>>> print(open('target_36.cif').read())   # mmCIF, C-alpha atoms and all ligand atoms
data_start
#
loop_
_atom_site.label_atom_id
_atom_site.label_comp_id
_atom_site.auth_asym_id
_atom_site.auth_seq_id
_atom_site.Cartn_x
_atom_site.Cartn_y
_atom_site.Cartn_z
CA MET A 976 101.70 -19.53 22.92
CA ARG A 977 99.44 -16.57 22.20
CA LEU A 978 97.81 -16.59 18.78
CA ILE A 979 95.09 -14.66 17.01
CA LEU A 980 93.03 -16.29 14.29
CA LEU A 981 91.86 -13.70 11.78
CA GLY A 982 89.66 -14.18 8.77
CA PRO A 983 86.22 -13.48 7.37
CA PRO A 984 83.09 -15.22 8.68
CA GLY A 985 83.30 -18.89 7.69
CA ALA A 986 87.04 -18.90 7.03
CA GLY A 987 87.43 -21.72 9.58
CA LYS A 988 88.67 -19.80 12.65
CA GLY A 989 86.52 -21.81 15.07
CA THR A 990 87.27 -25.12 13.33
CA GLN A 991 91.03 -24.58 13.41
CA ALA A 992 91.08 -23.05 16.92
CA ARG A 993 89.44 -26.22 18.27
CA ARG A 994 92.02 -28.40 16.53
CA LEU A 995 94.91 -26.33 17.85
CA VAL A 996 93.47 -26.45 21.35
CA ALA A 997 93.00 -30.24 21.16
CA LYS A 998 96.62 -30.69 20.05
CA HIS A 999 98.31 -28.19 22.31
CA GLY A 1000 96.13 -27.94 25.42
CA ILE A 1001 95.81 -24.17 25.39
CA VAL A 1002 92.59 -22.23 25.74
CA GLN A 1003 90.33 -21.10 22.89
CA LEU A 1004 88.75 -17.70 23.46
CA SER A 1005 85.91 -17.29 20.99
CA THR A 1006 84.13 -13.97 21.44
CA GLY A 1007 81.26 -15.17 19.20
CA GLU A 1008 80.69 -18.19 21.47
CA MET A 1009 80.93 -16.03 24.59
CA LEU A 1010 78.30 -13.65 23.21
CA ARG A 1011 75.99 -16.50 22.12
CA ALA A 1012 76.28 -18.04 25.61
CA ALA A 1013 75.45 -14.66 27.19
CA ALA A 1014 72.46 -14.31 24.83
CA ALA A 1015 71.23 -17.83 25.68
CA ALA A 1016 71.57 -17.00 29.40
CA GLY A 1017 69.56 -13.80 28.85
CA THR A 1018 72.07 -11.47 30.53
CA PRO A 1019 71.72 -7.72 29.75
CA VAL A 1020 74.90 -7.80 27.63
CA GLY A 1021 73.71 -11.00 25.92
CA LYS A 1022 70.34 -9.48 25.00
CA ARG A 1023 71.95 -6.37 23.56
CA ALA A 1024 74.57 -8.42 21.70
CA LYS A 1025 71.98 -10.78 20.19
CA GLU A 1026 70.16 -7.91 18.49
CA ILE A 1027 73.44 -6.65 17.01
CA MET A 1028 74.69 -10.10 15.97
CA ASP A 1029 71.40 -10.96 14.28
CA ARG A 1030 71.89 -7.88 12.02
CA GLY A 1031 75.47 -8.93 11.26
CA ASP A 1032 76.97 -5.83 12.89
CA LEU A 1033 79.76 -5.65 15.47
CA VAL A 1034 79.18 -5.37 19.20
CA PRO A 1035 80.71 -2.09 20.51
CA ASP A 1036 84.45 -2.13 21.21
CA ASP A 1037 84.16 -1.18 24.90
CA ILE A 1038 81.97 -4.21 25.65
CA MET A 1039 84.28 -6.59 23.77
CA VAL A 1040 87.44 -5.20 25.34
CA GLU A 1041 85.99 -5.62 28.82
CA ILE A 1042 84.94 -9.21 28.10
CA ILE A 1043 88.40 -10.16 26.81
CA ALA A 1044 90.30 -8.29 29.53
CA ASP A 1045 88.32 -10.24 32.18
CA ARG A 1046 88.84 -13.52 30.36
CA ILE A 1047 92.60 -13.32 29.79
CA ALA A 1048 93.09 -12.44 33.46
CA GLN A 1049 91.79 -15.94 34.39
CA PRO A 1050 94.38 -18.49 35.57
CA ASP A 1051 93.78 -20.89 32.64
CA CYS A 1052 95.15 -18.24 30.24
CA VAL A 1053 98.55 -18.04 31.90
CA ASN A 1054 100.14 -20.51 29.47
CA GLY A 1055 98.63 -18.91 26.42
CA PHE A 1056 95.45 -18.76 24.36
CA ILE A 1057 94.04 -18.68 20.88
CA LEU A 1058 91.83 -15.70 20.17
CA ASP A 1059 89.07 -16.57 17.69
CA GLY A 1060 86.99 -13.53 16.71
CA PHE A 1061 88.92 -10.88 18.63
CA PRO A 1062 90.26 -8.35 17.76
CA ARG A 1063 87.89 -7.27 15.02
CA THR A 1064 88.68 -3.56 14.80
CA VAL A 1065 91.87 -1.52 15.04
CA ALA A 1066 90.61 -0.11 18.38
CA GLN A 1067 90.30 -3.68 19.75
CA ALA A 1068 93.79 -4.54 18.47
CA ASP A 1069 95.24 -1.49 20.22
CA ALA A 1070 93.41 -2.44 23.43
CA LEU A 1071 94.76 -6.00 23.23
CA HIS A 1072 98.28 -4.70 22.73
CA LYS A 1073 97.92 -2.62 25.91
CA MET A 1074 96.40 -5.53 27.87
CA LEU A 1075 99.27 -7.82 26.94
CA GLY A 1076 101.74 -5.09 27.83
CA THR A 1077 100.32 -4.85 31.36
CA ILE A 1078 100.70 -8.61 31.94
CA GLY A 1079 104.17 -8.54 30.40
CA GLY A 1080 103.13 -10.82 27.54
CA SER A 1081 103.19 -10.59 23.79
CA LEU A 1082 101.53 -12.10 20.82
CA GLU A 1083 103.41 -14.71 18.80
CA HIS A 1084 101.39 -14.56 15.59
CA ALA A 1085 98.22 -13.27 13.99
CA VAL A 1086 97.19 -16.04 11.59
CA SER A 1087 94.97 -14.88 8.75
CA LEU A 1088 92.91 -17.53 6.94
CA SER A 1089 91.89 -16.50 3.44
CA VAL A 1090 88.91 -18.04 1.65
CA PRO A 1091 86.99 -16.52 -1.31
CA ASN A 1092 83.49 -15.15 -0.70
CA ASP A 1093 81.60 -17.74 -2.78
CA GLU A 1094 83.12 -20.54 -0.67
CA LEU A 1095 82.39 -18.62 2.57
CA LEU A 1096 78.74 -18.37 1.57
CA LYS A 1097 78.54 -22.14 0.97
CA ARG A 1098 80.26 -22.91 4.27
CA LEU A 1099 78.09 -20.61 6.36
CA SER A 1100 74.74 -21.41 4.82
CA GLY A 1101 75.38 -25.16 5.41
CA ARG A 1102 76.83 -24.89 8.91
CA ARG A 1103 75.01 -26.64 11.75
CA THR A 1104 76.03 -26.60 15.43
CA CYS A 1105 75.15 -28.92 18.31
CA ARG A 1106 73.02 -27.20 20.93
CA ASP A 1107 74.49 -29.35 23.71
CA CYS A 1108 78.23 -29.75 23.05
CA GLY A 1109 78.91 -27.08 20.39
CA ALA A 1110 80.32 -29.57 17.84
CA MET A 1111 80.17 -28.20 14.32
CA TYR A 1112 78.96 -29.84 11.10
CA HIS A 1113 78.26 -28.91 7.51
CA ILE A 1114 75.28 -30.38 5.71
CA ILE A 1115 77.43 -31.14 2.62
CA PHE A 1116 81.13 -30.98 3.62
CA ASP A 1117 80.82 -32.69 7.02
CA PRO A 1118 77.32 -34.09 7.52
CA PRO A 1119 76.33 -35.86 10.76
CA THR A 1120 75.58 -39.58 10.55
CA ASN A 1121 71.94 -39.01 11.55
CA GLU A 1122 70.38 -35.90 10.03
CA GLY A 1123 69.88 -33.12 12.57
CA LEU A 1124 71.65 -34.99 15.40
CA CYS A 1125 75.15 -34.66 16.82
CA ASN A 1126 77.48 -37.67 16.32
CA LYS A 1127 79.15 -37.03 19.68
CA CYS A 1128 76.23 -36.49 22.07
CA ASN A 1129 73.05 -36.97 20.00
CA GLY A 1130 72.14 -33.31 20.74
CA GLU A 1131 69.97 -31.28 18.35
CA LEU A 1132 71.79 -29.46 15.53
CA TYR A 1133 70.69 -25.89 14.82
CA GLN A 1134 71.43 -23.18 12.29
CA ARG A 1135 72.76 -19.90 13.71
CA ASP A 1136 70.40 -16.94 13.31
CA ASP A 1137 73.16 -14.98 11.55
CA ASP A 1138 73.82 -17.76 9.02
CA HIS A 1139 71.05 -16.74 6.62
CA GLU A 1140 72.12 -15.42 3.24
CA ASP A 1141 71.19 -11.72 3.68
CA ILE A 1142 72.91 -11.53 7.08
CA ILE A 1143 75.98 -13.40 5.78
CA SER A 1144 76.36 -10.68 3.11
CA SER A 1145 76.23 -7.96 5.78
CA ARG A 1146 78.81 -9.81 7.89
CA LEU A 1147 81.14 -10.06 4.87
CA GLU A 1148 80.80 -6.31 4.25
CA VAL A 1149 81.47 -5.55 7.92
CA TYR A 1150 84.57 -7.76 7.76
CA GLU A 1151 85.87 -5.87 4.70
CA SER A 1152 85.30 -2.42 6.17
CA GLN A 1153 86.13 -2.93 9.85
CA THR A 1154 88.27 -6.05 10.29
CA SER A 1155 90.38 -6.42 7.13
CA PRO A 1156 92.46 -3.31 8.09
CA LEU A 1157 93.92 -5.56 10.81
CA LEU A 1158 95.87 -7.45 8.15
CA ASN A 1159 98.00 -4.36 7.55
CA TYR A 1160 98.09 -3.63 11.27
CA TYR A 1161 99.67 -7.00 12.05
CA ARG A 1162 101.79 -6.92 8.90
CA ASN A 1163 103.29 -3.67 10.18
CA HIS A 1164 103.87 -5.30 13.58
CA ARG A 1165 105.58 -8.23 11.77
CA GLN A 1166 103.16 -10.67 13.36
CA LEU A 1167 100.99 -11.53 10.36
CA VAL A 1168 101.05 -15.08 9.02
CA GLU A 1169 98.91 -15.62 5.92
CA VAL A 1170 97.44 -19.08 5.35
CA ASP A 1171 95.34 -20.39 2.47
CA GLY A 1172 92.10 -21.58 4.11
CA ILE A 1173 90.91 -23.62 1.13
CA GLY A 1174 91.20 -27.41 1.24
CA GLY A 1175 90.59 -30.07 3.84
CA ARG A 1176 90.56 -29.14 7.54
CA ASP A 1177 93.68 -31.23 8.21
CA ASP A 1178 95.53 -29.64 5.29
CA VAL A 1179 94.70 -26.16 6.58
CA LEU A 1180 95.82 -27.14 10.10
CA ALA A 1181 99.11 -28.50 8.72
CA ARG A 1182 99.70 -25.19 6.89
CA ILE A 1183 99.07 -23.22 10.08
CA LEU A 1184 101.38 -25.43 12.14
CA ALA A 1185 104.13 -25.16 9.54
CA LYS A 1186 103.85 -21.38 9.32
CA VAL A 1187 103.81 -20.71 13.05
CA GLY A 1188 106.67 -23.14 13.60
CA ILE A 1189 104.82 -25.68 15.76
CA SER A 1190 105.78 -29.26 15.02
CA LYS A 1191 103.05 -31.91 14.90
CA PRO A 1192 102.85 -33.85 18.16
P1 LIG B 1 81.70 -15.18 15.40
O1 LIG B 1 81.01 -16.28 16.08
O2 LIG B 1 83.13 -14.89 15.71
O3 LIG B 1 81.48 -15.38 13.84
P2 LIG B 1 82.41 -15.09 12.59
O4 LIG B 1 83.69 -14.37 12.77
O5 LIG B 1 81.46 -14.49 11.63
O6 LIG B 1 82.96 -16.45 12.26
P3 LIG B 1 82.19 -17.77 12.13
O7 LIG B 1 82.01 -18.43 13.45
O8 LIG B 1 80.92 -17.56 11.33
O9 LIG B 1 83.15 -18.58 11.17
P4 LIG B 1 84.56 -19.27 11.44
O10 LIG B 1 85.63 -18.54 10.71
O11 LIG B 1 84.76 -19.57 12.88
O12 LIG B 1 84.29 -20.61 10.61
P5 LIG B 1 83.91 -22.06 11.16
O13 LIG B 1 85.11 -22.73 11.68
O14 LIG B 1 82.69 -21.98 12.02
O15 LIG B 1 80.92 -13.79 15.65
C1 LIG B 1 79.52 -13.71 15.50
C2 LIG B 1 79.08 -12.29 15.79
O16 LIG B 1 79.45 -11.94 17.13
C3 LIG B 1 79.71 -11.18 14.93
O17 LIG B 1 79.02 -11.03 13.71
C4 LIG B 1 79.58 -9.96 15.85
O18 LIG B 1 78.28 -9.44 15.84
C5 LIG B 1 79.82 -10.55 17.24
N1 LIG B 1 81.23 -10.47 17.65
C6 LIG B 1 82.06 -11.54 17.92
N2 LIG B 1 83.29 -11.08 18.26
C7 LIG B 1 83.24 -9.74 18.21
C8 LIG B 1 84.20 -8.71 18.44
N3 LIG B 1 85.47 -9.00 18.77
N4 LIG B 1 83.81 -7.43 18.26
C9 LIG B 1 82.55 -7.12 17.93
N5 LIG B 1 81.58 -8.04 17.70
C10 LIG B 1 81.93 -9.33 17.84
O19 LIG B 1 83.51 -22.78 9.77
C11 LIG B 1 82.34 -22.42 9.05
C12 LIG B 1 81.73 -23.67 8.37
O20 LIG B 1 82.64 -24.14 7.39
C13 LIG B 1 81.47 -24.86 9.32
O21 LIG B 1 80.30 -25.52 8.92
C14 LIG B 1 82.67 -25.76 9.11
O22 LIG B 1 82.34 -27.13 9.35
C15 LIG B 1 83.02 -25.50 7.66
N6 LIG B 1 84.46 -25.60 7.39
C16 LIG B 1 85.48 -25.14 8.18
N7 LIG B 1 86.67 -25.40 7.60
C17 LIG B 1 86.38 -26.03 6.42
C18 LIG B 1 87.20 -26.54 5.36
N8 LIG B 1 88.53 -26.47 5.39
N9 LIG B 1 86.56 -27.10 4.30
C19 LIG B 1 85.20 -27.18 4.25
N10 LIG B 1 84.38 -26.72 5.22
C20 LIG B 1 84.97 -26.14 6.29
ZN ZN B 2 76.89 -32.59 20.56
#
>>> encode(input="target_36.cif", output="structure tokens")
Amino acid sequence: MRLILLGPPGAGKGTQARRLVAKHGIVQLSTGEMLRAAAAAGTPVGKRAKEIMDRGDLVPDDIMVEIIADRIAQPDCVNGFILDGFPRTVAQADALHKMLGTIGGSLEHAVSLSVPNDELLKRLSGRRTCRDCGAMYHIIFDPPTNEGLCNKCNGELYQRDDDHEDIISSRLEVYESQTSPLLNYYRNHRQLVEVDGIGGRDDVLARILAKVGISKP
């Protein structure tokens, strides 16, 4: 299975990708996580990306395309993957189409999660992530048992640098101008599946599974 998860910042792409991966044993490719790992490691690409991400802008297409082309060539992607955060521009979507063509593969669906902006703002400003295992929490919707600590590994929870209100607004604008045209792109390719992203995480997952025709294990 090869799926794309589309949607504005905070729509639940990462949350749902992890659930799909846990249920179906395929790989999650999150470009945001890859860039944050590169930034934490202090690589030249990571340092450049961090500056751009902290403003809420997009990292240039050529860098992103190279990262994804390298990643989907790895053996663990042979049985499929879920792309979370890529493509984000029409140029990236075209590049992905070409990449899949060269490996003789195709995309099953582009799943778009829709959530209104006021809810996105609440989700992002309350998000906390574990520094050690990457588990995600929300201070109101999904708080950890012990404040500031991960339930799974007791690691420290932190707030992403781009999850402050002024940067969230920029990210939402960038989504509207640069990424939302992909909805029409995949609609025209007859690959778009639109899912209401409001409601409990399990309800949203059930909607995705129903729409992409995967039965619950
Ligand atoms: P990235 O990390 O991809 O961020 P994003 O797209 O802005 O998405 P988020 O991770 O913020 O949100 P999400 O939709 O995954 O929601 P989540 O599940 O976390 O990218 C960061 C930056 O990297 C970009 O700004 C850009 O600079 C750069 N970048 C990355 N890819 C790029 C590319 N291809 N090209 C160029 N630049 C690129 O959920 C959010 C919160 O809501 C969590 O707290 C969660 O617990 C909660 N939540 C989730 N679902 C629900 C629910 N149903 N009900 C209540 N709360 C919920
Ligand atoms: Zn943890």
>>> closest_residue(input="target_36.cif", among="A:Gln1153, A:Ile1078, A:Ile1189, A:Ile1183", to="Gln1049 (chain A)", atoms="all atoms listed in the file")
A:Ile1078
>>> residues_near_ligand(input="target_36.cif", ligand="ligand ZN 2 (chain B)", cutoff="12 Å", atoms="only C-alpha atoms and all ligand atoms", output="PyMOL selection string")
chain A and resi 1103-1112+1119+1123-1133
>>> closest_atom_pairs(input="target_36.cif", of="region 1076-1170 of chain A", to="region 1027-1038 of chain A", cutoff="10 Å", atoms="only C-alpha atoms", output="tab-separated table")
residue	atom	partner	partner_atom	distance
A:Arg1135	CA	A:Asp1029	CA	9.1
A:Asp1136	CA	A:Asp1029	CA	6.1
A:Asp1137	CA	A:Asp1029	CA	5.2
A:Asp1138	CA	A:Asp1029	CA	8.9
A:His1139	CA	A:Asp1029	CA	9.6
A:Asp1141	CA	A:Gly1031	CA	9.1
A:Ile1142	CA	A:Gly1031	CA	5.5
A:Ile1143	CA	A:Gly1031	CA	7.1
A:Ser1144	CA	A:Gly1031	CA	8.4
A:Ser1145	CA	A:Gly1031	CA	5.6
A:Arg1146	CA	A:Gly1031	CA	4.8
A:Leu1147	CA	A:Gly1031	CA	8.6
A:Glu1148	CA	A:Gly1031	CA	9.2
A:Val1149	CA	A:Asp1032	CA	6.7
A:Tyr1150	CA	A:Leu1033	CA	9.3
A:Gln1153	CA	A:Leu1033	CA	8.9
A:Thr1154	CA	A:Leu1033	CA	10.0
>>> closest_residue(input="target_36.cif", among="A:Met976, A:Leu1099, A:Leu1082, A:Ala1070", to="ligand LIG 1 (chain B)", atoms="only C-alpha atoms and all ligand atoms")
A:Leu1099
>>> residues_around(input="target_36.cif", residues="region 1162-1170 of chain A", least_positions_apart="5", cutoff="9 Å", atoms="only C-alpha atoms", output="PDB file with C-alpha atoms, keeping the file's coordinate frame")
ATOM      1  CA  LEU A1082     101.530 -12.100  20.820  1.00  0.00           C
ATOM      2  CA  GLU A1083     103.410 -14.710  18.800  1.00  0.00           C
ATOM      3  CA  HIS A1084     101.390 -14.560  15.590  1.00  0.00           C
ATOM      4  CA  ALA A1085      98.220 -13.270  13.990  1.00  0.00           C
ATOM      5  CA  VAL A1086      97.190 -16.040  11.590  1.00  0.00           C
ATOM      6  CA  SER A1087      94.970 -14.880   8.750  1.00  0.00           C
ATOM      7  CA  LEU A1088      92.910 -17.530   6.940  1.00  0.00           C
ATOM      8  CA  SER A1089      91.890 -16.500   3.440  1.00  0.00           C
ATOM      9  CA  LEU A1157      93.920  -5.560  10.810  1.00  0.00           C
ATOM     10  CA  VAL A1179      94.700 -26.160   6.580  1.00  0.00           C
ATOM     11  CA  ARG A1182      99.700 -25.190   6.890  1.00  0.00           C
ATOM     12  CA  ILE A1183      99.070 -23.220  10.080  1.00  0.00           C
ATOM     13  CA  LYS A1186     103.850 -21.380   9.320  1.00  0.00           C
ATOM     14  CA  VAL A1187     103.810 -20.710  13.050  1.00  0.00           C
TER      15      VAL A1187
END
>>> atom_distance(input="target_36.cif", atom1="atom O10 of ligand LIG 1 (chain B)", atom2="CA of Leu980 (chain A)")
8.5 Å
>>> closest_residue(input="target_36.cif", among="A:Gly987, A:Gly1021, A:Gly1000, A:Pro1050", to="ligand LIG 1 (chain B)", atoms="all atoms listed in the file")
A:Gly987
>>> closest_residue(input="target_36.cif", among="A:Glu1122, A:Glu1041, A:Ser1005, A:Leu978", to="Asn1054 (chain A)", atoms="only C-alpha atoms")
A:Leu978
